[in-house]
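Below is run.txt, holding compact mmCIF, C-alpha atoms.
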```txt
# COMPACT_ATOMS: atom_id res chain seq x y z
CA MET A 1 -28.55 -23.71 27.87
CA ASN A 2 -30.75 -25.52 30.25
CA PHE A 3 -29.31 -29.02 30.39
CA GLY A 4 -28.70 -28.58 34.13
CA ILE A 5 -28.47 -31.71 36.24
CA GLY A 6 -29.28 -33.88 33.20
CA GLY A 7 -26.17 -32.55 31.52
CA VAL A 8 -23.99 -33.25 34.54
CA VAL A 9 -25.37 -36.79 34.83
CA SER A 10 -24.85 -37.40 31.09
CA LEU A 11 -21.30 -36.13 31.27
CA VAL A 12 -20.47 -38.29 34.29
CA LEU A 13 -22.04 -41.38 32.68
CA TYR A 14 -20.15 -40.68 29.49
CA LEU A 15 -16.81 -40.34 31.25
CA GLY A 16 -17.53 -43.50 33.25
CA ALA A 17 -18.24 -45.36 30.01
CA LEU A 18 -14.94 -44.17 28.55
CA LEU A 19 -13.03 -45.49 31.55
CA ALA A 20 -14.92 -48.79 31.39
CA VAL A 21 -14.06 -49.16 27.70
CA ALA A 22 -10.42 -48.45 28.52
CA GLU A 23 -10.40 -51.24 31.07
CA ILE A 24 -12.02 -53.72 28.66
CA ALA A 25 -9.54 -52.68 25.96
CA ARG A 26 -6.64 -53.14 28.37
CA ARG A 27 -7.79 -56.67 29.15
CA ALA A 28 -8.13 -57.39 25.43
CA LYS A 29 -4.45 -56.72 24.86
CA ARG A 30 -2.61 -59.75 23.54
CA ASP A 31 0.93 -58.67 24.30
CA THR A 32 3.04 -55.67 25.23
CA LEU A 33 4.30 -54.83 21.76
CA PRO A 34 3.85 -51.23 20.54
CA SER A 35 1.81 -52.52 17.61
CA ASP A 36 -0.71 -54.04 20.01
CA HIS A 37 -1.15 -50.77 21.93
CA PHE A 38 -0.94 -48.23 19.11
CA LEU A 39 -2.47 -50.29 16.28
CA ALA A 40 -4.79 -52.69 18.15
CA ASP A 41 -2.61 -55.56 16.88
CA ARG A 42 -3.53 -54.54 13.29
CA SER A 43 -6.96 -56.05 13.81
CA LEU A 44 -9.40 -53.29 12.83
CA GLY A 45 -12.11 -54.53 10.49
CA ALA A 46 -13.94 -52.44 7.90
CA PHE A 47 -16.80 -51.24 10.14
CA VAL A 48 -14.74 -50.11 13.14
CA LEU A 49 -12.06 -48.76 10.82
CA PHE A 50 -14.68 -46.72 8.97
CA LEU A 51 -16.07 -45.23 12.18
CA THR A 52 -12.66 -44.47 13.64
CA LEU A 53 -11.64 -42.78 10.38
CA TYR A 54 -14.89 -40.83 10.53
CA ALA A 55 -14.42 -39.73 14.13
CA THR A 56 -10.82 -38.80 13.35
CA ALA A 57 -11.72 -36.69 10.34
CA TYR A 58 -14.70 -34.94 11.94
CA SER A 59 -13.83 -33.32 15.20
CA GLY A 60 -14.68 -30.56 17.59
CA ASN A 61 -13.32 -28.30 14.87
CA SER A 62 -15.86 -29.62 12.37
CA MET A 63 -18.74 -29.43 14.84
CA LEU A 64 -17.97 -25.98 16.25
CA GLY A 65 -15.49 -24.29 13.89
CA TYR A 66 -17.02 -25.08 10.49
CA PRO A 67 -20.51 -23.76 11.29
CA GLY A 68 -18.85 -20.58 12.54
CA ARG A 69 -16.94 -20.25 9.29
CA ALA A 70 -20.12 -20.92 7.28
CA TYR A 71 -21.85 -18.23 9.34
CA ARG A 72 -19.11 -15.76 8.39
CA ASP A 73 -18.66 -16.76 4.72
CA GLY A 74 -22.19 -17.80 3.77
CA TYR A 75 -22.96 -20.41 1.12
CA SER A 76 -19.46 -20.25 -0.43
CA PHE A 77 -18.32 -22.45 2.46
CA ILE A 78 -19.91 -25.31 0.51
CA MET A 79 -16.30 -25.65 -0.62
CA ALA A 80 -15.67 -27.46 2.70
CA THR A 81 -17.75 -30.41 1.50
CA GLY A 82 -15.50 -30.59 -1.55
CA PHE A 83 -12.23 -30.34 0.32
CA MET A 84 -13.17 -32.95 2.93
CA MET A 85 -14.01 -35.28 0.05
CA SER A 86 -10.72 -34.53 -1.71
CA ILE A 87 -8.86 -36.08 1.23
CA ILE A 88 -10.45 -39.46 0.50
CA VAL A 89 -9.64 -38.97 -3.19
CA MET A 90 -5.98 -38.26 -2.45
CA PHE A 91 -5.67 -41.41 -0.33
CA HIS A 92 -5.64 -43.24 -3.67
CA VAL A 93 -2.10 -41.96 -4.11
CA ILE A 94 -0.61 -43.39 -0.94
CA VAL A 95 -2.79 -46.25 0.38
CA PRO A 96 -2.20 -48.89 -2.33
CA ARG A 97 1.56 -48.31 -2.16
CA LEU A 98 2.05 -47.76 1.54
CA ARG A 99 -0.16 -50.56 2.86
CA PRO A 100 1.87 -53.55 1.55
CA ILE A 101 5.16 -51.99 2.66
CA ALA A 102 3.68 -51.23 6.08
CA VAL A 103 2.53 -54.83 6.51
CA GLU A 104 5.80 -56.30 5.30
CA HIS A 105 7.96 -54.11 7.55
CA ALA A 106 5.51 -53.99 10.49
CA PHE A 107 5.32 -50.19 10.62
CA VAL A 108 3.91 -48.65 13.77
CA THR A 109 4.52 -44.94 13.11
CA PRO A 110 5.15 -42.70 10.09
CA GLY A 111 8.73 -42.51 11.34
CA ASP A 112 9.15 -46.20 10.49
CA TYR A 113 8.57 -45.46 6.83
CA LEU A 114 11.13 -42.65 6.88
CA ARG A 115 13.63 -45.03 8.49
CA LEU A 116 13.09 -47.55 5.71
CA ARG A 117 13.10 -45.07 2.87
CA PHE A 118 15.99 -42.80 3.84
CA ALA A 119 19.48 -43.74 4.99
CA GLY A 120 22.71 -41.84 5.43
CA PRO A 121 23.82 -39.00 7.68
CA TRP A 122 20.73 -36.87 6.98
CA ALA A 123 18.23 -39.60 7.86
CA ARG A 124 18.08 -38.88 11.58
CA PRO A 125 17.77 -35.09 11.27
CA LEU A 126 15.10 -35.65 8.61
CA ARG A 127 13.06 -37.85 10.95
CA LEU A 128 13.43 -35.28 13.71
CA ILE A 129 12.29 -32.46 11.42
CA VAL A 130 9.28 -34.49 10.27
CA ALA A 131 8.35 -35.31 13.87
CA VAL A 132 8.59 -31.64 14.87
CA LEU A 133 6.55 -30.51 11.85
CA MET A 134 3.87 -33.11 12.55
CA SER A 135 3.75 -32.04 16.19
CA LEU A 136 3.41 -28.37 15.23
CA ALA A 137 0.64 -29.13 12.74
CA LEU A 138 -1.20 -31.20 15.33
CA ALA A 139 -0.80 -28.58 18.04
CA ASN A 140 -3.34 -26.46 16.16
CA PHE A 141 -5.94 -29.21 16.45
CA LEU A 142 -4.96 -30.00 20.00
CA LEU A 143 -5.59 -26.43 21.15
CA ALA A 144 -8.87 -26.26 19.21
CA GLN A 145 -9.99 -29.52 20.77
CA LEU A 146 -9.07 -28.44 24.29
CA LYS A 147 -11.12 -25.29 23.75
CA ALA A 148 -14.04 -27.31 22.40
CA MET A 149 -13.91 -29.65 25.40
CA GLY A 150 -13.99 -26.76 27.86
CA ASP A 151 -16.84 -25.07 26.01
CA VAL A 152 -18.91 -28.21 25.71
CA ALA A 153 -18.42 -29.31 29.32
CA SER A 154 -19.44 -25.86 30.52
CA VAL A 155 -22.49 -25.67 28.25
CA VAL A 156 -23.75 -29.21 28.85
CA THR A 157 -23.56 -28.78 32.63
CA TYR A 158 -25.05 -25.29 32.52
CA GLY A 159 -21.92 -23.78 34.03
CA ARG A 160 -21.71 -26.25 36.92
CA VAL A 161 -18.39 -27.39 35.41
CA SER A 162 -16.28 -24.35 34.60
CA TYR A 163 -14.38 -23.96 31.34
CA PRO A 164 -10.90 -24.52 32.89
CA ALA A 165 -12.15 -27.48 34.93
CA GLY A 166 -13.71 -28.95 31.78
CA VAL A 167 -10.46 -28.66 29.83
CA ILE A 168 -8.27 -30.12 32.57
CA GLY A 169 -10.71 -32.78 33.76
CA LEU A 170 -11.64 -34.12 30.33
CA ALA A 171 -8.05 -34.05 29.10
CA ALA A 172 -7.03 -36.05 32.17
CA VAL A 173 -9.77 -38.65 31.70
CA ILE A 174 -8.97 -39.03 28.01
CA LEU A 175 -5.26 -39.30 28.70
CA ILE A 176 -5.89 -42.02 31.29
CA TYR A 177 -8.28 -44.10 29.24
CA GLU A 178 -6.28 -43.95 26.05
CA THR A 179 -3.00 -44.66 27.83
CA ARG A 180 -4.57 -47.76 29.35
CA GLY A 181 -6.69 -48.90 26.42
CA GLY A 182 -4.57 -47.82 23.44
CA MET A 183 -5.94 -47.93 19.91
CA ARG A 184 -8.63 -50.48 20.84
CA ALA A 185 -10.18 -48.05 23.30
CA VAL A 186 -9.92 -45.26 20.71
CA ALA A 187 -11.50 -47.33 17.95
CA TRP A 188 -14.34 -48.73 20.06
CA THR A 189 -15.30 -45.37 21.52
CA ASP A 190 -14.95 -43.80 18.07
CA ALA A 191 -17.54 -46.22 16.78
CA ALA A 192 -20.07 -45.21 19.42
CA GLN A 193 -19.24 -41.51 19.20
CA GLY A 194 -19.37 -41.46 15.41
CA ILE A 195 -22.88 -42.90 15.54
CA ALA A 196 -23.90 -40.41 18.26
CA MET A 197 -22.59 -37.51 16.20
CA LEU A 198 -24.45 -38.67 13.08
CA LEU A 199 -27.72 -39.08 14.98
CA GLY A 200 -27.36 -35.67 16.63
CA LEU A 201 -26.59 -33.92 13.35
CA ALA A 202 -29.51 -35.63 11.64
CA ALA A 203 -31.82 -34.46 14.42
CA LEU A 204 -30.54 -30.87 14.15
CA LEU A 205 -30.79 -30.87 10.37
CA GLY A 206 -34.36 -32.17 10.61
CA TRP A 207 -35.30 -29.54 13.15
CA LEU A 208 -33.87 -26.44 11.45
CA PRO A 209 -35.78 -26.52 8.12
CA SER A 210 -38.97 -27.81 9.72
CA GLU A 211 -38.99 -24.87 12.09
CA ALA A 212 -38.08 -22.29 9.43
CA GLY A 213 -40.48 -23.61 6.75
CA GLY A 214 -37.92 -25.36 4.54
CA PHE A 215 -34.53 -24.58 3.03
CA THR A 216 -35.99 -22.21 0.45
CA GLU A 217 -37.36 -20.02 3.23
CA ILE A 218 -34.05 -20.22 5.07
CA THR A 219 -32.18 -19.08 1.94
CA ARG A 220 -34.59 -16.18 1.40
CA ALA A 221 -34.25 -15.12 5.03
CA VAL A 222 -30.45 -15.30 4.81
CA ALA A 223 -30.52 -13.22 1.59
CA GLU A 224 -32.62 -10.55 3.32
CA ARG A 225 -30.30 -10.42 6.28
CA ARG A 226 -26.98 -10.58 4.39
CA THR A 227 -26.98 -10.54 0.58
CA SER A 228 -23.29 -11.42 0.30
CA ALA A 229 -23.97 -14.79 1.98
CA VAL A 230 -25.99 -16.01 -1.02
CA SER A 231 -24.38 -14.10 -3.88
CA VAL A 232 -21.98 -15.67 -6.40
CA PRO A 233 -18.44 -15.59 -4.95
CA THR A 234 -15.76 -13.27 -6.33
CA SER A 235 -12.98 -14.60 -8.57
CA THR A 236 -10.59 -14.44 -5.60
CA VAL A 237 -12.91 -16.64 -3.56
CA CYS A 238 -13.23 -19.03 -6.52
CA ILE A 239 -9.45 -19.36 -6.74
CA ASN A 240 -9.25 -19.93 -2.99
CA TRP A 241 -12.05 -22.48 -3.29
CA PHE A 242 -10.20 -24.59 -5.84
CA SER A 243 -6.76 -24.21 -4.28
CA THR A 244 -8.13 -25.16 -0.84
CA ILE A 245 -9.56 -28.36 -2.28
CA ALA A 246 -6.16 -29.23 -3.77
CA LEU A 247 -4.20 -28.20 -0.68
CA MET A 248 -6.43 -29.99 1.82
CA GLY A 249 -6.40 -33.14 -0.28
CA LEU A 250 -2.63 -33.17 -0.57
CA ALA A 251 -1.91 -32.21 3.04
CA SER A 252 -4.48 -34.06 5.09
CA VAL A 253 -3.55 -37.53 3.88
CA LEU A 254 -0.22 -37.03 5.64
CA TYR A 255 -1.73 -36.56 9.08
CA PRO A 256 -0.05 -39.18 11.27
CA GLN A 257 -3.32 -40.28 12.83
CA ALA A 258 -4.67 -41.07 9.36
CA ILE A 259 -1.51 -42.96 8.40
CA GLN A 260 -1.78 -44.93 11.64
CA ARG A 261 -5.14 -46.26 10.54
CA ILE A 262 -3.62 -47.53 7.30
CA PHE A 263 -1.24 -49.52 9.49
CA ALA A 264 -3.97 -50.63 11.93
CA ALA A 265 -6.32 -52.12 9.32
CA LYS A 266 -6.96 -55.86 9.41
CA SER A 267 -6.50 -56.08 5.62
CA GLY A 268 -6.26 -54.07 2.44
CA ARG A 269 -9.82 -55.10 1.68
CA ALA A 270 -11.02 -53.61 4.98
CA LEU A 271 -9.25 -50.35 4.09
CA LYS A 272 -10.88 -50.25 0.65
CA ARG A 273 -14.35 -50.75 2.11
CA SER A 274 -13.76 -48.12 4.78
CA PHE A 275 -12.62 -45.53 2.27
CA SER A 276 -15.55 -46.35 -0.04
CA GLY A 277 -17.88 -45.44 2.82
CA MET A 278 -15.84 -42.46 3.98
CA THR A 279 -16.17 -40.73 0.62
CA PHE A 280 -19.87 -40.10 1.36
CA MET A 281 -19.38 -38.75 4.88
CA PRO A 282 -18.76 -35.09 3.89
CA LEU A 283 -22.30 -35.11 2.49
CA VAL A 284 -23.81 -36.10 5.83
CA THR A 285 -21.43 -34.15 8.07
CA THR A 286 -19.59 -31.21 6.47
CA LEU A 287 -22.58 -30.29 4.33
CA VAL A 288 -24.87 -30.48 7.35
CA VAL A 289 -22.69 -28.26 9.56
CA THR A 290 -22.31 -25.82 6.65
CA LEU A 291 -26.09 -25.57 6.26
CA ILE A 292 -26.43 -25.15 10.02
CA GLY A 293 -23.95 -22.26 9.94
CA VAL A 294 -25.71 -20.59 7.00
CA ALA A 295 -29.13 -21.05 8.60
CA ALA A 296 -27.81 -19.37 11.73
CA ILE A 297 -27.31 -16.14 9.73
CA ALA A 298 -31.07 -15.71 9.69
CA ARG A 299 -31.40 -16.44 13.41
CA PHE A 300 -28.52 -14.66 15.13
CA ASP A 301 -26.60 -11.46 14.78
CA ILE A 302 -23.04 -12.16 15.86
CA ALA A 303 -20.71 -9.20 15.37
CA ASN A 304 -17.48 -10.68 16.68
CA ALA A 305 -15.74 -13.18 14.37
CA VAL A 306 -14.40 -15.18 17.33
CA ASP A 307 -17.88 -15.59 18.76
CA THR A 308 -19.12 -17.24 15.56
CA ASP A 309 -17.71 -20.49 16.95
CA GLU A 310 -20.68 -20.32 19.32
CA VAL A 311 -23.18 -20.83 16.50
CA VAL A 312 -23.83 -24.50 17.26
CA PRO A 313 -24.02 -24.00 21.05
CA MET A 314 -26.50 -21.16 20.42
CA LEU A 315 -28.64 -23.34 18.15
CA LEU A 316 -28.51 -26.19 20.62
CA ARG A 317 -29.46 -23.78 23.37
CA ASP A 318 -32.65 -23.08 21.42
CA ARG A 319 -33.24 -26.73 20.80
CA GLY A 320 -32.16 -27.97 24.21
CA SER A 321 -34.54 -25.61 25.96
CA ALA A 322 -37.40 -27.50 24.30
CA GLY A 323 -36.65 -30.45 26.62
CA GLY A 324 -37.31 -34.16 26.11
CA PHE A 325 -36.14 -35.62 22.81
CA SER A 326 -34.73 -32.25 21.75
CA THR A 327 -32.45 -32.20 24.75
CA SER A 328 -31.29 -35.73 24.05
CA ALA A 329 -30.49 -34.87 20.42
CA ALA A 330 -28.56 -31.79 21.51
CA LEU A 331 -26.64 -33.85 24.06
CA LEU A 332 -25.76 -36.38 21.35
CA ILE A 333 -24.16 -33.68 19.23
CA PHE A 334 -22.34 -32.24 22.18
CA LEU A 335 -20.93 -35.55 23.30
CA GLY A 336 -20.01 -36.42 19.72
CA ALA A 337 -18.23 -33.10 19.29
CA LEU A 338 -16.64 -33.45 22.70
CA SER A 339 -15.11 -36.78 22.00
CA ALA A 340 -14.83 -37.20 18.29
CA ASP A 341 -11.32 -35.96 18.23
CA HIS A 342 -9.68 -36.96 21.46
CA VAL A 343 -6.69 -35.08 22.70
CA ASP A 344 -4.33 -37.96 22.12
CA ARG A 345 -5.70 -38.63 18.64
CA ARG A 346 -3.68 -35.62 17.64
CA LEU A 347 -1.11 -35.61 20.39
CA VAL A 348 -0.10 -39.23 20.75
CA PRO A 349 0.76 -39.89 17.10
CA ALA A 350 2.92 -36.79 17.18
CA LEU A 351 4.57 -37.97 20.35
CA ILE A 352 5.13 -41.47 19.03
CA GLY A 353 6.62 -39.88 15.94
CA VAL A 354 9.22 -38.40 18.25
CA VAL A 355 9.53 -41.74 20.02
CA ALA A 356 10.04 -43.37 16.63
CA VAL A 357 12.89 -41.00 15.94
CA SER A 358 14.61 -41.84 19.19
CA ARG A 359 13.83 -45.55 18.77
CA SER A 360 15.31 -45.63 15.29
CA ALA A 361 18.28 -43.66 16.59
CA ARG A 362 18.80 -46.34 19.23
CA THR A 363 18.44 -49.07 16.60
CA ARG A 364 20.98 -47.32 14.47
CA GLY A 365 23.29 -46.90 17.41
CA SER A 366 23.08 -50.55 18.36
CA GLY A 367 23.23 -51.88 14.84
CA MET B 1 -7.31 -56.91 -21.68
CA SER B 2 -6.67 -58.44 -18.26
CA SER B 3 -9.02 -57.84 -15.36
CA ARG B 4 -6.30 -55.93 -13.57
CA ARG B 5 -5.71 -53.66 -16.53
CA GLN B 6 -9.44 -53.08 -16.87
CA ARG B 7 -9.66 -52.05 -13.24
CA ARG B 8 -6.76 -49.66 -13.72
CA THR B 9 -8.45 -48.12 -16.75
CA VAL B 10 -11.68 -47.65 -14.81
CA HIS B 11 -9.68 -46.14 -11.95
CA SER B 12 -7.95 -43.67 -14.28
CA VAL B 13 -11.25 -42.67 -15.86
CA CYS B 14 -12.70 -42.13 -12.38
CA MET B 15 -9.79 -39.86 -11.42
CA VAL B 16 -10.25 -37.75 -14.56
CA LEU B 17 -14.01 -37.49 -13.89
CA ILE B 18 -13.37 -36.42 -10.32
CA ALA B 19 -10.96 -33.69 -11.47
CA LEU B 20 -13.54 -32.43 -13.97
CA LEU B 21 -16.30 -32.42 -11.36
CA TYR B 22 -14.10 -30.40 -9.01
CA VAL B 23 -13.41 -27.83 -11.74
CA VAL B 24 -17.10 -27.56 -12.61
CA SER B 25 -18.11 -27.24 -8.95
CA VAL B 26 -16.51 -23.79 -8.68
CA PRO B 27 -18.69 -20.99 -10.13
CA TRP B 28 -15.88 -19.51 -12.25
CA CYS B 29 -18.04 -18.03 -14.99
CA ARG B 30 -21.07 -16.85 -13.05
CA GLU B 31 -21.92 -13.16 -12.88
CA GLN B 32 -21.51 -11.80 -9.42
CA GLU B 33 -24.43 -9.43 -9.76
CA ALA B 34 -26.82 -12.12 -11.01
CA PRO B 35 -30.18 -12.18 -9.18
CA LEU B 36 -30.74 -14.91 -6.60
CA ARG B 37 -32.16 -18.06 -8.18
CA ILE B 38 -33.10 -20.80 -5.75
CA TRP B 39 -32.78 -24.43 -6.73
CA LEU B 40 -33.12 -27.36 -4.32
CA GLY B 41 -33.66 -24.82 -1.55
CA MET B 42 -30.33 -23.06 -2.06
CA PRO B 43 -28.74 -20.61 -4.53
CA ASP B 44 -28.38 -22.35 -7.91
CA TRP B 45 -24.56 -22.09 -7.95
CA VAL B 46 -24.50 -23.86 -4.56
CA ALA B 47 -26.83 -26.58 -5.85
CA VAL B 48 -24.52 -27.14 -8.84
CA ALA B 49 -21.51 -27.44 -6.53
CA LEU B 50 -23.40 -29.83 -4.29
CA LEU B 51 -24.44 -32.05 -7.21
CA CYS B 52 -20.82 -32.11 -8.37
CA TYR B 53 -19.74 -33.27 -4.91
CA VAL B 54 -22.40 -35.97 -4.90
CA GLY B 55 -20.92 -37.05 -8.24
CA VAL B 56 -17.40 -37.00 -6.79
CA ALA B 57 -18.55 -39.21 -3.91
CA ILE B 58 -20.13 -41.78 -6.22
CA VAL B 59 -17.22 -41.86 -8.68
CA ASN B 60 -14.68 -42.00 -5.86
CA ALA B 61 -16.53 -44.94 -4.27
CA VAL B 62 -16.35 -46.76 -7.62
CA ALA B 63 -12.64 -45.93 -7.83
CA TRP B 64 -12.06 -47.46 -4.39
CA VAL B 65 -13.97 -50.60 -5.39
CA VAL B 66 -11.67 -51.16 -8.38
CA THR B 67 -8.49 -50.22 -6.50
CA ASP B 68 -6.15 -52.99 -5.42
CA VAL B 69 -4.89 -52.53 -1.87
CA PRO B 70 -2.57 -55.52 -1.48
CA ASP B 71 -1.26 -56.76 1.85
CA THR B 72 1.94 -58.01 0.30
CA VAL B 73 4.49 -56.23 -1.85
CA ASP B 74 4.19 -57.19 -5.52
CA GLU B 75 7.83 -57.92 -6.38
CA SER B 76 7.11 -58.08 -10.10
CA GLU B 77 5.75 -54.55 -10.12
CA ASN B 78 7.81 -52.46 -7.78
CA SER B 79 10.13 -53.64 -5.10
CA GLU B 80 11.10 -50.13 -4.00
CA PRO B 81 9.20 -48.02 -1.47
CA PRO B 82 7.03 -45.29 -3.05
CA GLN B 83 9.08 -42.25 -4.06
```
Before we go any further, please render this structure as structure tokens.
Amino acid sequence: MNFGIGGVVSLVLYLGALLAVAEIARRAKRDTLPSDHFLADRSLGAFVLFLTLYATAYSGNSMLGYPGRAYRDGYSFIMATGFMMSIIVMFHVIVPRLRPIAVEHAFVTPGDYLRLRFAGPWARPLRLIVAVLMSLALANFLLAQLKAMGDVASVVTYGRVSYPAGVIGLAAVILIYETRGGMRAVAWTDAAQGIAMLLGLAALLGWLPSEAGGFTEITRAVAERRTSAVSVPTSTVCINWFSTIALMGLASVLYPQAIQRIFAAKSGRALKRSFSGMTFMPLVTTLVVTLIGVAAIARFDIANAVDTDEVVPMLLRDRGSAGGFSTSAALLIFLGALSADHVDRRLVPALIGVVAVSRSARTRGSG
Amino acid sequence: MSSRRQRRTVHSVCMVLIALLYVVSVPWCREQEAPLRIWLGMPDWVAVALLCYVGVAIVNAVAWVVTDVPDTVDESENSEPPQ
């Protein structure tokens, strides 16, 4: 990829902007309560809430992992558009019930709900188990995101920043700015990064079919290269397809970072409006990265399954080498993917889940 | 019928529609060996799935519009936390 000095400058400017946002967010703090830091004083309106939900749901995994999976599976990975949408459907089950209780009892973490709902000798071990399970589930995303950050930093700077330096450096910057700025810094940067990611994806989606002569030509080329990528899936795949939709819908609504945003909303009305918008986002994100992955079948021959995660970097390498606007569009996607799922977005809620356990244990001990 | 009850009815209908669209989106009954037919630039079974998901998005948005997300607990309805 030939981003070179431009990539280094963009990365430095981007990191500087993150730190500046953190400082502004720190000064915007109204008090030292946990709810002010972790929930932005429950002040997120519909627009910022929508964008922070978007940037939380669509991460480095979506930008780099999903196209790789679509490259391997072919068109049957259209199921991803369905399962990402099912998450917003399943929020109907918990949001209308959890929101009023969360407001009334001033919840900050998922652990607060467990403390309210369960009492008795098993309550504390239960909270601990939940915190550990949430941490384990989030560790998967954390590792994927660290890998994505190292990859992206290395690619954008044309190797001037090494993979390990990218992982450590970016994790450190993110840890600093989110520790100082809290949820306000997260939400504000999410808004900008969500827009950057959308613009970058739109540019890539516009470029791919125009270069290949349209989607029909892409599908024909994919069929010539690998028939199984376009053929009707087997009954086993169909069963997996449907069960994945159900499983993702049921499981993903319990991610602590998603629950946090239910607590952080300014009002129930803001939540409703955000979720109404979010239901369309798989069509402009998951579908797009799926089509990008499928289109890559006709362009690249990647033998190693692990290397399929490089599909988007390889496409952007082609596009970035064109220079000018193309480079800018590629950079937008990279920076969106880099930042759309910050380290602490996954890590901090898990950690504060543990904190909530110890806090409630202290409360119980003192009361 | 009260406005609240009407909204709940619409919400329930939306949920049923969404479930049906998800079932239809999966190509359960298509022959695996069928020749490639392209529709909307993609294999026809993919286009059907995509249209179903567009439908899910629209119906789900309607469902959110008619959903009540209160900021206070409705004591008359349920004073207990969700089970």
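For chain B, the residues no farther than 6 Å from chain A when using only C-alpha atoms are B:Gln32, B:Gly41, B:Met42, B:Ala57, B:Ala61, B:Trp64, B:Val69, B:Pro70, B:Asp71, B:Thr72, B:Val73.
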What is the atom CA of Ser35 of chain A to atom CA of Ala185 of chain A distance in Å?
14.0 Å
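We find atom CA of Ile174 of chain A and atom CA of Val21 of chain A to be spaced 11.3 Å apart.
From atom CA of Ala296 of chain A back to atom CA of Ala203 of chain A, the distance works out to 15.8 Å.
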Which of these residues is nearest to Pro110 of chain A, using only C-alpha atoms: A:Leu133, A:Leu51, A:Leu142, A:Ile259?
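Smallest distance to Pro110 of chain A is found for A:Ile259.
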